[in-house]
>>> print(open('entry-v2.pdb').read())   # PDB, C-alpha atoms, pLDDT in the B column
ATOM      1  CA  MET A   1      -7.388 -17.221  -6.269  1.00 84.00           C
ATOM      2  CA  PRO A   2      -4.711 -19.907  -5.937  1.00 90.00           C
ATOM      3  CA  TYR A   3      -2.442 -21.430  -8.561  1.00 94.00           C
ATOM      4  CA  TYR A   4      -2.725 -25.151  -9.227  1.00 95.00           C
ATOM      5  CA  LYS A   5      -0.080 -27.176 -11.046  1.00 96.00           C
ATOM      6  CA  PHE A   6      -1.034 -30.278 -13.057  1.00 97.00           C
ATOM      7  CA  ASP A   7       1.390 -33.157 -13.637  1.00 97.00           C
ATOM      8  CA  LEU A   8       1.204 -36.410 -15.545  1.00 95.00           C
ATOM      9  CA  VAL A   9       2.500 -39.079 -13.152  1.00 95.00           C
ATOM     10  CA  VAL A  10       4.445 -41.841 -14.913  1.00 92.00           C
ATOM     11  CA  GLY A  11       5.941 -44.168 -12.308  1.00 89.00           C
ATOM     12  CA  GLN A  12       8.029 -41.909 -10.057  1.00 91.00           C
ATOM     13  CA  GLU A  13       8.295 -39.179 -12.722  1.00 93.00           C
ATOM     14  CA  PHE A  14       6.146 -36.040 -12.785  1.00 95.00           C
ATOM     15  CA  ARG A  15       5.670 -34.443 -16.215  1.00 94.00           C
ATOM     16  CA  ASN A  16       4.435 -30.861 -16.035  1.00 95.00           C
ATOM     17  CA  GLN A  17       1.115 -30.350 -17.837  1.00 94.00           C
ATOM     18  CA  GLY A  18       0.695 -26.705 -16.883  1.00 93.00           C
ATOM     19  CA  THR A  19      -0.328 -24.304 -14.150  1.00 93.00           C
ATOM     20  CA  ILE A  20      -3.607 -22.440 -13.890  1.00 93.00           C
ATOM     21  CA  ILE A  21      -5.355 -20.076 -11.484  1.00 92.00           C
ATOM     22  CA  LEU A  22      -8.665 -21.560 -10.311  1.00 92.00           C
ATOM     23  CA  GLU A  23     -11.277 -20.784  -7.670  1.00 91.00           C
ATOM     24  CA  ASP A  24     -10.585 -23.785  -5.421  1.00 93.00           C
ATOM     25  CA  ILE A  25      -9.515 -27.421  -5.264  1.00 93.00           C
ATOM     26  CA  SER A  26     -12.976 -28.588  -6.302  1.00 93.00           C
ATOM     27  CA  VAL A  27     -12.591 -26.876  -9.681  1.00 93.00           C
ATOM     28  CA  ALA A  28      -8.967 -28.030  -9.937  1.00 95.00           C
ATOM     29  CA  SER A  29      -9.942 -31.657  -9.298  1.00 94.00           C
ATOM     30  CA  ASP A  30     -12.628 -31.418 -12.006  1.00 94.00           C
ATOM     31  CA  ARG A  31      -9.977 -30.107 -14.418  1.00 94.00           C
ATOM     32  CA  ALA A  32      -7.640 -32.956 -13.435  1.00 95.00           C
ATOM     33  CA  ASP A  33     -10.394 -35.492 -14.175  1.00 94.00           C
ATOM     34  CA  GLN A  34     -10.963 -33.868 -17.584  1.00 94.00           C
ATOM     35  CA  LEU A  35      -7.233 -33.887 -18.325  1.00 94.00           C
ATOM     36  CA  ALA A  36      -6.957 -37.561 -17.320  1.00 93.00           C
ATOM     37  CA  ASP A  37      -9.860 -38.431 -19.628  1.00 92.00           C
ATOM     38  CA  GLU A  38      -8.319 -36.497 -22.540  1.00 92.00           C
ATOM     39  CA  LEU A  39      -4.885 -38.050 -22.019  1.00 91.00           C
ATOM     40  CA  SER A  40      -6.347 -41.552 -21.841  1.00 89.00           C
ATOM     41  CA  GLN A  41      -8.040 -40.992 -25.208  1.00 89.00           C
ATOM     42  CA  VAL A  42      -5.063 -39.370 -26.938  1.00 91.00           C
ATOM     43  CA  LYS A  43      -2.454 -41.721 -25.452  1.00 89.00           C
ATOM     44  CA  PRO A  44      -4.254 -44.957 -24.486  1.00 85.00           C
ATOM     45  CA  GLU A  45      -0.928 -46.686 -23.819  1.00 86.00           C
ATOM     46  CA  LEU A  46      -0.570 -44.568 -20.663  1.00 86.00           C
ATOM     47  CA  LYS A  47      -3.579 -46.295 -19.073  1.00 81.00           C
ATOM     48  CA  ALA A  48      -1.828 -49.669 -19.117  1.00 79.00           C
ATOM     49  CA  ARG A  49       1.174 -48.110 -17.369  1.00 84.00           C
ATOM     50  CA  GLY A  50      -0.869 -46.989 -14.362  1.00 84.00           C
ATOM     51  CA  CYS A  51      -0.397 -43.279 -15.043  1.00 92.00           C
ATOM     52  CA  ALA A  52      -2.305 -40.541 -13.236  1.00 95.00           C
ATOM     53  CA  VAL A  53      -2.814 -36.786 -13.164  1.00 96.00           C
ATOM     54  CA  ARG A  54      -1.983 -35.001  -9.935  1.00 97.00           C
ATOM     55  CA  VAL A  55      -2.720 -31.502  -8.706  1.00 97.00           C
ATOM     56  CA  THR A  56      -0.307 -29.619  -6.460  1.00 97.00           C
ATOM     57  CA  ASP A  57      -0.427 -26.204  -4.825  1.00 95.00           C
ATOM     58  CA  ALA A  58       2.143 -23.392  -4.873  1.00 91.00           C
ATOM     59  CA  ASP A  59       4.121 -25.214  -2.139  1.00 93.00           C
ATOM     60  CA  ASN A  60       4.249 -28.367  -4.314  1.00 93.00           C
ATOM     61  CA  GLN A  61       1.963 -30.203  -1.868  1.00 96.00           C
ATOM     62  CA  GLU A  62      -0.146 -32.841  -3.608  1.00 96.00           C
ATOM     63  CA  LEU A  63      -3.853 -32.065  -3.230  1.00 96.00           C
ATOM     64  CA  TYR A  64      -5.502 -34.504  -5.635  1.00 97.00           C
ATOM     65  CA  ARG A  65      -4.648 -37.449  -7.891  1.00 96.00           C
ATOM     66  CA  THR A  66      -6.779 -39.283 -10.447  1.00 94.00           C
ATOM     67  CA  PRO A  67      -5.763 -42.333 -12.510  1.00 93.00           C
ATOM     68  CA  LEU A  68      -6.033 -42.292 -16.304  1.00 91.00           C
ATOM     69  CA  ASP A  69      -7.875 -45.617 -16.110  1.00 83.00           C
ATOM     70  CA  PRO A  70     -10.004 -45.386 -12.945  1.00 67.00           C
ATOM     71  CA  VAL A  71     -11.480 -48.886 -13.383  1.00 62.00           C
ATOM     72  CA  PRO A  72      -8.885 -51.525 -14.273  1.00 54.00           C
ATOM     73  CA  ARG A  73      -9.799 -53.511 -17.376  1.00 54.00           C
ATOM     74  CA  TRP A  74      -9.581 -56.823 -15.549  1.00 53.00           C
ATOM     75  CA  SER A  75     -12.360 -55.738 -13.179  1.00 54.00           C
ATOM     76  CA  LYS A  76     -14.801 -54.608 -15.888  1.00 52.00           C
ATOM     77  CA  SER A  77     -17.683 -56.963 -16.438  1.00 53.00           C
ATOM     78  CA  PRO A  78     -18.966 -57.555 -19.997  1.00 54.00           C
ATOM     79  CA  GLU A  79     -22.131 -55.561 -19.231  1.00 53.00           C
ATOM     80  CA  ARG A  80     -20.092 -52.481 -18.250  1.00 48.00           C
ATOM     81  CA  ALA A  81     -17.483 -52.698 -20.993  1.00 47.00           C
TER      82      ALA A  81
END
>>> encode(input="entry-v2.pdb", output="structure tokens")
Amino acid sequence: MPYYKFDLVVGQEFRNQGTIILEDISVASDRADQLADELSQVKPELKARGCAVRVTDADNQELYRTPLDPVPRWSKSPERA
């Protein structure tokens, strides 16, 4: 099973959030989505900064990226908010 590294992306900076062995990229992307959701709740100020969580492989190749705020606030209608 491969290693996947998770980073918090803040502008051009990558802040290591840990490495884990997972079955495949599908499971790793689910974990990245969970991490993004948790970070957006714990540190809501990161959403306004356009931060994201990315997943890379052992060769540091980016495989997946998910924003902390997937739907910008300006595009949310009152019914969805």
>>> atom_distance(input="entry-v2.pdb", atom1="CA of Thr19 in chain A", atom2="CA of Gln41 in chain A")
21.5 Å
>>> residues_around(input="entry-v2.pdb", residues="Val27 in chain A", least_positions_apart="4", cutoff="12 Å", atoms="only C-alpha atoms", output="PyMOL selection string")
chain A and resi 1-4+20-23+31-34+55+64
>>> atom_distance(input="entry-v2.pdb", atom1="CA of Asp30 in chain A", atom2="CA of Leu63 in chain A")
12.4 Å
>>> axis_aligned_box(input="entry-v2.pdb", around="range 9-19 of chain A", padding_each_side="3 Å", output="AutoDock Vina command-line options")
--center_x 4.0 --center_y -34.2 --center_z -13.9 --size_x 14.6 --size_y 25.9 --size_z 13.8
>>> closest_residue(input="entry-v2.pdb", among="A:Gln17, A:Thr66, A:Gln12, A:Thr56", to="Asp37 in chain A", atoms="only C-alpha atoms")
A:Thr66
>>> closest_residue(input="entry-v2.pdb", among="A:Pro67, A:Ala58, A:Ser29, A:Lys43", to="Gly11 in chain A", atoms="all atoms listed in the file")
A:Pro67
